[in-house]
Structures are given as C-alpha cells and as structure tokens.
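Trainee: Sharing data_0.txt below, compact mmCIF, C-alpha atoms:
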```
# COMPACT_ATOMS: atom_id res chain seq x y z
CA MET A 22 0.00 0.00 0.00
CA GLU A 23 1.25 3.47 -0.93
CA SER A 24 2.11 5.18 2.36
CA ILE A 25 1.19 8.76 3.10
CA THR A 26 4.39 10.80 3.36
CA PRO A 27 5.05 14.47 2.59
CA GLN A 28 7.03 13.40 -0.50
CA ALA A 29 4.19 11.21 -1.72
CA LEU A 30 1.70 14.04 -1.20
CA GLU A 31 3.87 16.29 -3.39
CA SER A 32 3.53 13.79 -6.17
CA LEU A 33 -0.28 13.95 -6.28
CA ASP A 34 -1.62 15.48 -9.46
CA GLN A 35 -4.07 18.36 -9.48
CA ASN A 36 -7.14 16.18 -10.12
CA SER A 37 -6.31 13.87 -7.23
CA ARG A 38 -5.88 16.81 -4.87
CA GLN A 39 -9.20 18.22 -5.99
CA GLU A 40 -10.88 14.88 -5.48
CA ILE A 41 -9.48 14.58 -1.94
CA VAL A 42 -10.73 18.05 -1.04
CA GLN A 43 -14.21 17.18 -2.29
CA PHE A 44 -14.11 13.90 -0.43
CA MET A 45 -13.19 15.70 2.80
CA GLU A 46 -16.04 18.14 2.38
CA ALA A 47 -18.48 15.27 1.93
CA GLU A 48 -17.07 13.46 4.98
CA ARG A 49 -17.30 16.66 7.03
CA SER A 50 -21.00 17.02 6.16
CA LYS A 51 -21.53 13.40 7.12
CA ALA A 52 -19.74 13.93 10.45
CA LYS A 53 -21.92 16.99 11.15
CA ILE A 54 -25.09 15.00 10.54
CA GLN A 55 -23.82 12.15 12.72
CA GLU A 56 -23.06 14.64 15.51
CA THR A 57 -26.65 15.90 15.33
CA VAL A 58 -27.95 12.32 15.38
CA HIS A 59 -25.96 11.72 18.58
CA THR A 60 -27.48 14.82 20.17
CA PHE A 61 -31.04 13.89 19.15
CA THR A 62 -30.69 10.25 20.20
CA ASN A 63 -29.45 11.32 23.63
CA LEU A 64 -32.17 13.95 24.06
CA CYS A 65 -35.01 11.73 22.85
CA TRP A 66 -33.75 8.69 24.77
CA ASN A 67 -34.31 10.66 27.97
CA LYS A 68 -37.85 11.52 26.89
CA CYS A 69 -38.88 8.21 25.33
CA ILE A 70 -37.22 5.45 27.37
CA LYS A 71 -38.29 5.14 30.96
CA LYS A 72 -36.93 1.66 31.53
CA VAL A 73 -35.16 -1.10 29.65
CA ASN A 74 -37.01 -4.40 29.53
CA SER A 75 -36.16 -5.58 26.04
CA ALA A 76 -33.43 -5.12 23.44
CA GLN A 77 -36.05 -3.98 20.92
CA LEU A 78 -37.74 -0.64 20.40
CA ASP A 79 -41.48 -1.22 20.61
CA GLY A 80 -43.97 0.58 18.39
CA SER A 81 -44.78 3.35 20.84
CA GLU A 82 -41.09 3.96 21.53
CA GLN A 83 -40.39 4.20 17.80
CA GLN A 84 -43.25 6.65 17.44
CA CYS A 85 -41.91 8.66 20.36
CA PHE A 86 -38.44 8.99 18.76
CA THR A 87 -39.95 9.94 15.41
CA ASP A 88 -42.16 12.60 17.02
CA CYS A 89 -39.31 13.78 19.24
CA VAL A 90 -37.04 14.54 16.27
CA GLY A 91 -39.90 16.12 14.31
CA ARG A 92 -41.07 18.39 17.13
CA TYR A 93 -37.49 19.36 18.04
CA LEU A 94 -36.98 20.57 14.48
CA ASP A 95 -40.35 22.41 14.54
CA THR A 96 -39.33 24.07 17.81
CA ASN A 97 -36.01 25.06 16.29
CA ILE A 98 -37.75 26.67 13.31
CA ASP A 99 -40.25 28.52 15.54
CA ILE A 100 -37.48 29.89 17.73
CA VAL A 101 -35.46 31.05 14.75
CA LYS A 102 -38.56 32.88 13.45
CA MET A 103 -39.18 34.75 16.76
CA MET B 24 0.61 5.46 -8.33
CA SER B 25 -1.24 8.71 -7.68
CA ALA B 26 -4.53 6.83 -7.74
CA ALA B 27 -3.37 4.32 -5.12
CA LEU B 28 -2.18 7.11 -2.82
CA LYS B 29 -5.39 9.05 -3.32
CA ASP B 30 -7.52 6.03 -2.44
CA ASN B 31 -5.34 5.40 0.58
CA ILE B 32 -5.83 8.97 1.83
CA LYS B 33 -9.60 8.71 1.38
CA LYS B 34 -9.65 5.42 3.25
CA GLU B 35 -7.66 6.92 6.14
CA ILE B 36 -9.98 9.92 6.40
CA ALA B 37 -13.08 7.73 6.36
CA ALA B 38 -11.59 5.43 9.00
CA GLU B 39 -10.77 8.37 11.32
CA LEU B 40 -14.33 9.63 11.13
CA ALA B 41 -15.78 6.17 11.68
CA VAL B 42 -13.69 5.82 14.84
CA ALA B 43 -14.79 9.24 16.10
CA ASN B 44 -18.43 8.34 15.47
CA ALA B 45 -18.09 4.99 17.26
CA GLN B 46 -16.40 6.65 20.24
CA GLN B 47 -19.19 9.17 20.50
CA LEU B 48 -21.78 6.38 20.34
CA VAL B 49 -20.02 4.36 23.06
CA THR B 50 -19.75 7.42 25.32
CA LYS B 51 -23.44 8.36 25.02
CA MET B 52 -24.55 4.76 25.29
CA THR B 53 -22.49 4.23 28.45
CA GLU B 54 -23.86 7.41 30.04
CA ASN B 55 -27.48 6.56 29.31
CA CYS B 56 -27.33 2.84 30.04
CA PHE B 57 -25.35 3.36 33.24
CA ASP B 58 -27.91 5.88 34.33
CA MET B 59 -30.78 3.51 33.58
CA CYS B 60 -29.33 0.12 34.55
CA VAL B 61 -27.10 0.91 37.53
CA PRO B 62 -29.14 3.23 39.79
CA LYS B 63 -27.24 2.23 42.94
CA PRO B 64 -23.70 1.04 42.12
CA GLY B 65 -22.58 -1.84 44.35
CA SER B 66 -19.21 -3.54 44.77
CA SER B 67 -19.60 -5.19 41.35
CA LEU B 68 -22.10 -5.26 38.50
CA SER B 69 -24.91 -7.72 39.22
CA ALA B 70 -26.22 -10.19 36.64
CA ALA B 71 -29.40 -8.11 36.36
CA GLU B 72 -27.39 -4.93 35.77
CA LYS B 73 -25.29 -6.66 33.10
CA ASN B 74 -28.39 -8.02 31.41
CA CYS B 75 -30.03 -4.59 31.48
CA THR B 76 -26.88 -2.99 30.04
CA ALA B 77 -26.72 -5.52 27.18
CA GLN B 78 -30.36 -4.89 26.26
CA CYS B 79 -29.94 -1.16 26.70
CA ALA B 80 -26.93 -1.05 24.36
CA GLN B 81 -28.84 -2.85 21.60
CA LYS B 82 -31.84 -0.63 22.12
CA TYR B 83 -29.67 2.49 22.00
CA ILE B 84 -28.18 1.46 18.65
CA MET B 85 -31.67 0.84 17.26
CA ALA B 86 -32.72 4.27 18.51
CA TRP B 87 -29.62 5.85 16.91
CA ASN B 88 -30.41 4.24 13.56
CA LEU B 89 -34.05 5.30 13.74
CA VAL B 90 -33.16 8.89 14.63
CA SER B 91 -30.64 8.93 11.79
CA ARG B 92 -33.26 7.77 9.26
CA VAL B 93 -35.88 10.23 10.52
CA TYR B 94 -33.45 13.17 10.56
CA ILE B 95 -32.03 12.44 7.10
CA THR B 96 -35.57 12.13 5.68
CA LYS B 97 -36.43 15.53 7.22
CA LEU B 98 -33.27 17.07 5.76
CA GLN B 99 -34.15 15.74 2.31
CA GLN B 100 -37.73 17.02 2.59
CA SER B 101 -36.61 20.50 3.62
CA GLY B 102 -34.05 20.50 0.80
CA GLN B 103 -36.79 19.87 -1.75
CA ARG B 104 -38.92 22.75 -0.56
```
Would it be possible to restate this file's structure as structure tokens?
Mentor:
Amino acid sequence: MESITPQALESLDQNSRQEIVQFMEAERSKAKIQETVHTFTNLCWNKCIKKVNSAQLDGSEQQCFTDCVGRYLDTNIDIVKM
Amino acid sequence: MSAALKDNIKKEIAAELAVANAQQLVTKMTENCFDMCVPKPGSSLSAAEKNCTAQCAQKYIMAWNLVSRVYITKLQQSGQR
C-alpha cells in the first residue's frame, strides 16, 4: 500500500488533490449529521425510554423517537422565526 | 501510483471519522445505560445490571439508527422545498 508521506503528497496530481478536497467536504457534512444524530438520540432517549425491559424498540417507543425529532426541528424553526 | 495514494488517503480519512463516530456512540450509550441500569452502584455489576446494560446497548443502537433515518428524511424534505 502506498504510504502517506510528505514526498508522496507532493507527487499527487491536481485532479487527485481536488478529489481529496471534495471527499473531505463530503465526509465533514456526514460527520456533522452524525453529531446531530448523537445529540437527538441522547435527548429523545431521555424523553422516550423510561426503563429497559427488552433489546427492541417497541412501536410506541419508535413513534416517540420519530415525534421527538420532528417536534425538536419544529421548535427550532419557531425559535429562529421569533 | 497517484490513484493508489489518493484512495489510501480517502480510506484513512473515512476510518478516522468512523472511529470518532463509534467513540461518541459508546460514550453516550455508556452514560445513558449506566444511568438507567445501575441506579445504585454496588461492589460489582450484578447479573441483572449486566443483562439490562446488554439490552440497553442494543436498544440504544436501534434508537440511533431510527433517529438517523428520521433526521435524514427531514433534511431531504426541507431540501426539496
């Protein structure tokens, strides 16, 4: 496998550099979304899960998470509009 | 040669982010499952606490995946408007 050294990086052509920059931008957007998913999961877990008695999410718990994310986003929009 | 290096760099970047995401998941999962399954910590974890933690961890991952799907769907809907 080609190792990543300063010399090797110098040898990259313009198209490859461009492609890496675009790839990093895409990965950064993905990381941002994942970060938000962590925040929402944590927040909604506290609202939706009162105790653990199975490894599954039952129907009402699933509904609760879905509503929790939806209403959080609605709240966010309302607050921005104030 | 440039192509191999480029693919290698992309792979490294993706791997770093996957590790960061997994760490974040483990941290949040530990916080929430500890909170829920070990209300009064004793001298060791009981069988019931371990069982609760195992179920809780699976449940947390299911919740993460659900939240991810719901959020991404919302993002796509708001992008179309």
Trainee: What gap, in Å, lies between CA of Val61 in chain B and CA of Trp87 in chain B?
Mentor: 21.4 Å
Trainee: Set out as a tab-separated table a contact list for chain B and chain A with a cut-off of 10 Å, giving each residue of chain B that qualifies its closest atom pair and distance in Å to one decimal, counting only C-alpha atoms, ordered by chain and rising residue number.
Mentor:
```
residue	atom	partner	partner_atom	distance
B:Met24	CA	A:Glu23	CA	7.7
B:Ser25	CA	A:Leu33	CA	5.5
B:Ala26	CA	A:Ser37	CA	7.3
B:Ala27	CA	A:Glu23	CA	6.3
B:Leu28	CA	A:Glu23	CA	5.3
B:Lys29	CA	A:Ser37	CA	6.3
B:Asp30	CA	A:Ile41	CA	8.8
B:Asn31	CA	A:Glu23	CA	7.0
B:Ile32	CA	A:Ile25	CA	7.1
B:Lys33	CA	A:Ile41	CA	6.7
B:Glu35	CA	A:Ile25	CA	9.5
B:Ile36	CA	A:Met45	CA	7.5
B:Ala37	CA	A:Glu48	CA	7.1
B:Leu40	CA	A:Ala52	CA	6.9
B:Ala41	CA	A:Ala52	CA	8.8
B:Ala43	CA	A:Ala52	CA	8.9
B:Asn44	CA	A:Gln55	CA	7.2
B:Gln47	CA	A:His59	CA	7.5
B:Leu48	CA	A:His59	CA	7.0
B:Lys51	CA	A:Asn63	CA	6.8
B:Met52	CA	A:Asn63	CA	8.4
B:Glu54	CA	A:Asn63	CA	9.4
B:Asn55	CA	A:Asn63	CA	7.7
B:Cys56	CA	A:Val73	CA	8.8
B:Met59	CA	A:Lys72	CA	6.7
B:Cys60	CA	A:Val73	CA	7.7
B:Asn74	CA	A:Asn74	CA	9.5
B:Cys75	CA	A:Val73	CA	6.5
B:Thr76	CA	A:Val73	CA	8.5
B:Ala77	CA	A:Ala76	CA	7.7
B:Gln78	CA	A:Ala76	CA	4.2
B:Cys79	CA	A:Val73	CA	6.0
B:Ala80	CA	A:Ala76	CA	7.7
B:Gln81	CA	A:Ala76	CA	5.4
B:Lys82	CA	A:Ala76	CA	4.9
B:Tyr83	CA	A:Trp66	CA	7.9
B:Ile84	CA	A:Thr62	CA	9.3
B:Met85	CA	A:Leu78	CA	7.0
B:Ala86	CA	A:Thr62	CA	6.5
B:Trp87	CA	A:Thr62	CA	5.6
B:Asn88	CA	A:Val58	CA	8.6
B:Leu89	CA	A:Gln83	CA	7.6
B:Val90	CA	A:Thr62	CA	6.2
B:Ser91	CA	A:Val58	CA	5.6
B:Arg92	CA	A:Val58	CA	9.3
B:Val93	CA	A:Thr87	CA	6.4
B:Tyr94	CA	A:Val90	CA	6.9
B:Ile95	CA	A:Ile54	CA	8.2
B:Lys97	CA	A:Gly91	CA	7.9
B:Leu98	CA	A:Ile54	CA	9.7
```
Trainee: Go ahead and dump the residues you just picked, C-alpha atoms, as a PDB file, keeping the file's coordinate frame.
Mentor:
```pdb
ATOM      1  CA  MET B  24       0.610   5.460  -8.330  1.00  0.00           C
ATOM      2  CA  SER B  25      -1.240   8.710  -7.680  1.00  0.00           C
ATOM      3  CA  ALA B  26      -4.530   6.830  -7.740  1.00  0.00           C
ATOM      4  CA  ALA B  27      -3.370   4.320  -5.120  1.00  0.00           C
ATOM      5  CA  LEU B  28      -2.180   7.110  -2.820  1.00  0.00           C
ATOM      6  CA  LYS B  29      -5.390   9.050  -3.320  1.00  0.00           C
ATOM      7  CA  ASP B  30      -7.520   6.030  -2.440  1.00  0.00           C
ATOM      8  CA  ASN B  31      -5.340   5.400   0.580  1.00  0.00           C
ATOM      9  CA  ILE B  32      -5.830   8.970   1.830  1.00  0.00           C
ATOM     10  CA  LYS B  33      -9.600   8.710   1.380  1.00  0.00           C
ATOM     11  CA  GLU B  35      -7.660   6.920   6.140  1.00  0.00           C
ATOM     12  CA  ILE B  36      -9.980   9.920   6.400  1.00  0.00           C
ATOM     13  CA  ALA B  37     -13.080   7.730   6.360  1.00  0.00           C
ATOM     14  CA  LEU B  40     -14.330   9.630  11.130  1.00  0.00           C
ATOM     15  CA  ALA B  41     -15.780   6.170  11.680  1.00  0.00           C
ATOM     16  CA  ALA B  43     -14.790   9.240  16.100  1.00  0.00           C
ATOM     17  CA  ASN B  44     -18.430   8.340  15.470  1.00  0.00           C
ATOM     18  CA  GLN B  47     -19.190   9.170  20.500  1.00  0.00           C
ATOM     19  CA  LEU B  48     -21.780   6.380  20.340  1.00  0.00           C
ATOM     20  CA  LYS B  51     -23.440   8.360  25.020  1.00  0.00           C
ATOM     21  CA  MET B  52     -24.550   4.760  25.290  1.00  0.00           C
ATOM     22  CA  GLU B  54     -23.860   7.410  30.040  1.00  0.00           C
ATOM     23  CA  ASN B  55     -27.480   6.560  29.310  1.00  0.00           C
ATOM     24  CA  CYS B  56     -27.330   2.840  30.040  1.00  0.00           C
ATOM     25  CA  MET B  59     -30.780   3.510  33.580  1.00  0.00           C
ATOM     26  CA  CYS B  60     -29.330   0.120  34.550  1.00  0.00           C
ATOM     27  CA  ASN B  74     -28.390  -8.020  31.410  1.00  0.00           C
ATOM     28  CA  CYS B  75     -30.030  -4.590  31.480  1.00  0.00           C
ATOM     29  CA  THR B  76     -26.880  -2.990  30.040  1.00  0.00           C
ATOM     30  CA  ALA B  77     -26.720  -5.520  27.180  1.00  0.00           C
ATOM     31  CA  GLN B  78     -30.360  -4.890  26.260  1.00  0.00           C
ATOM     32  CA  CYS B  79     -29.940  -1.160  26.700  1.00  0.00           C
ATOM     33  CA  ALA B  80     -26.930  -1.050  24.360  1.00  0.00           C
ATOM     34  CA  GLN B  81     -28.840  -2.850  21.600  1.00  0.00           C
ATOM     35  CA  LYS B  82     -31.840  -0.630  22.120  1.00  0.00           C
ATOM     36  CA  TYR B  83     -29.670   2.490  22.000  1.00  0.00           C
ATOM     37  CA  ILE B  84     -28.180   1.460  18.650  1.00  0.00           C
ATOM     38  CA  MET B  85     -31.670   0.840  17.260  1.00  0.00           C
ATOM     39  CA  ALA B  86     -32.720   4.270  18.510  1.00  0.00           C
ATOM     40  CA  TRP B  87     -29.620   5.850  16.910  1.00  0.00           C
ATOM     41  CA  ASN B  88     -30.410   4.240  13.560  1.00  0.00           C
ATOM     42  CA  LEU B  89     -34.050   5.300  13.740  1.00  0.00           C
ATOM     43  CA  VAL B  90     -33.160   8.890  14.630  1.00  0.00           C
ATOM     44  CA  SER B  91     -30.640   8.930  11.790  1.00  0.00           C
ATOM     45  CA  ARG B  92     -33.260   7.770   9.260  1.00  0.00           C
ATOM     46  CA  VAL B  93     -35.880  10.230  10.520  1.00  0.00           C
ATOM     47  CA  TYR B  94     -33.450  13.170  10.560  1.00  0.00           C
ATOM     48  CA  ILE B  95     -32.030  12.440   7.100  1.00  0.00           C
ATOM     49  CA  LYS B  97     -36.430  15.530   7.220  1.00  0.00           C
ATOM     50  CA  LEU B  98     -33.270  17.070   5.760  1.00  0.00           C
TER      51      LEU B  98
END
```
Trainee: What separation in Å, quoted to one decimal, exists between CA of Gln100 in chain B and CA of Ile98 in chain A?
Mentor: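 Going from CA of Gln100 in chain B over to CA of Ile98 in chain A covers 14.4 Å.
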Trainee: What is the distance, in Å and to one decimal place, between CA of Leu64 in chain A and CA of Tyr93 in chain A?
Mentor: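 So the two atoms, CA of Leu64 in chain A and CA of Tyr93 in chain A, lie 9.7 Å apart.
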Trainee: With the input short on atoms, add N, CA and C atoms back to range 30-55 of chain B and write it as a short mmCIF file (atom, residue, chain, number, x, y, z; two decimals), keeping the file's coordinate frame.
Mentor:
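Ended up saving to part-v5.cif:
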```
data_model
loop_
_atom_site.label_atom_id
_atom_site.label_comp_id
_atom_site.auth_asym_id
_atom_site.auth_seq_id
_atom_site.Cartn_x
_atom_site.Cartn_y
_atom_site.Cartn_z
N ASP B 30 -6.56 6.95 -3.07
CA ASP B 30 -7.52 6.03 -2.44
C ASP B 30 -7.13 5.74 -0.99
N ASN B 31 -5.85 5.65 -0.77
CA ASN B 31 -5.34 5.40 0.58
C ASN B 31 -5.70 6.56 1.52
N ILE B 32 -5.51 7.78 1.03
CA ILE B 32 -5.83 8.97 1.83
C ILE B 32 -7.32 8.99 2.16
N LYS B 33 -8.14 8.73 1.16
CA LYS B 33 -9.60 8.71 1.38
C LYS B 33 -9.98 7.66 2.42
N LYS B 34 -9.35 6.50 2.31
CA LYS B 34 -9.65 5.42 3.25
C LYS B 34 -9.28 5.82 4.67
N GLU B 35 -8.12 6.48 4.82
CA GLU B 35 -7.66 6.92 6.14
C GLU B 35 -8.62 7.94 6.75
N ILE B 36 -9.05 8.88 5.92
CA ILE B 36 -9.98 9.92 6.40
C ILE B 36 -11.29 9.28 6.86
N ALA B 37 -11.82 8.40 6.02
CA ALA B 37 -13.08 7.73 6.36
C ALA B 37 -12.95 6.92 7.64
N ALA B 38 -11.80 6.26 7.81
CA ALA B 38 -11.59 5.43 9.00
C ALA B 38 -11.53 6.29 10.26
N GLU B 39 -10.85 7.45 10.18
CA GLU B 39 -10.77 8.37 11.32
C GLU B 39 -12.16 8.80 11.78
N LEU B 40 -12.99 9.16 10.79
CA LEU B 40 -14.33 9.63 11.13
C LEU B 40 -15.19 8.51 11.69
N ALA B 41 -15.01 7.30 11.16
CA ALA B 41 -15.78 6.17 11.68
C ALA B 41 -15.41 5.90 13.13
N VAL B 42 -14.13 6.02 13.45
CA VAL B 42 -13.69 5.82 14.84
C VAL B 42 -14.29 6.89 15.75
N ALA B 43 -14.24 8.14 15.30
CA ALA B 43 -14.79 9.24 16.10
C ALA B 43 -16.28 9.03 16.35
N ASN B 44 -16.99 8.58 15.34
CA ASN B 44 -18.43 8.34 15.47
C ASN B 44 -18.70 7.19 16.45
N ALA B 45 -17.92 6.14 16.35
CA ALA B 45 -18.09 4.99 17.26
C ALA B 45 -17.78 5.40 18.70
N GLN B 46 -16.75 6.21 18.89
CA GLN B 46 -16.40 6.65 20.24
C GLN B 46 -17.54 7.46 20.86
N GLN B 47 -18.09 8.34 20.04
CA GLN B 47 -19.19 9.17 20.50
C GLN B 47 -20.39 8.29 20.90
N LEU B 48 -20.67 7.30 20.06
CA LEU B 48 -21.78 6.38 20.34
C LEU B 48 -21.54 5.62 21.65
N VAL B 49 -20.34 5.12 21.84
CA VAL B 49 -20.02 4.36 23.06
C VAL B 49 -20.15 5.26 24.30
N THR B 50 -19.67 6.49 24.18
CA THR B 50 -19.75 7.42 25.32
C THR B 50 -21.20 7.69 25.73
N LYS B 51 -22.03 8.04 24.74
CA LYS B 51 -23.44 8.36 25.02
C LYS B 51 -24.20 7.13 25.53
N MET B 52 -23.89 5.99 24.91
CA MET B 52 -24.55 4.76 25.29
C MET B 52 -24.19 4.39 26.73
N THR B 53 -22.93 4.54 27.09
CA THR B 53 -22.49 4.23 28.45
C THR B 53 -23.18 5.15 29.45
N GLU B 54 -23.20 6.45 29.16
CA GLU B 54 -23.86 7.41 30.04
C GLU B 54 -25.32 7.02 30.29
N ASN B 55 -26.04 6.80 29.19
CA ASN B 55 -27.48 6.56 29.31
C ASN B 55 -27.80 5.19 29.91
#
```
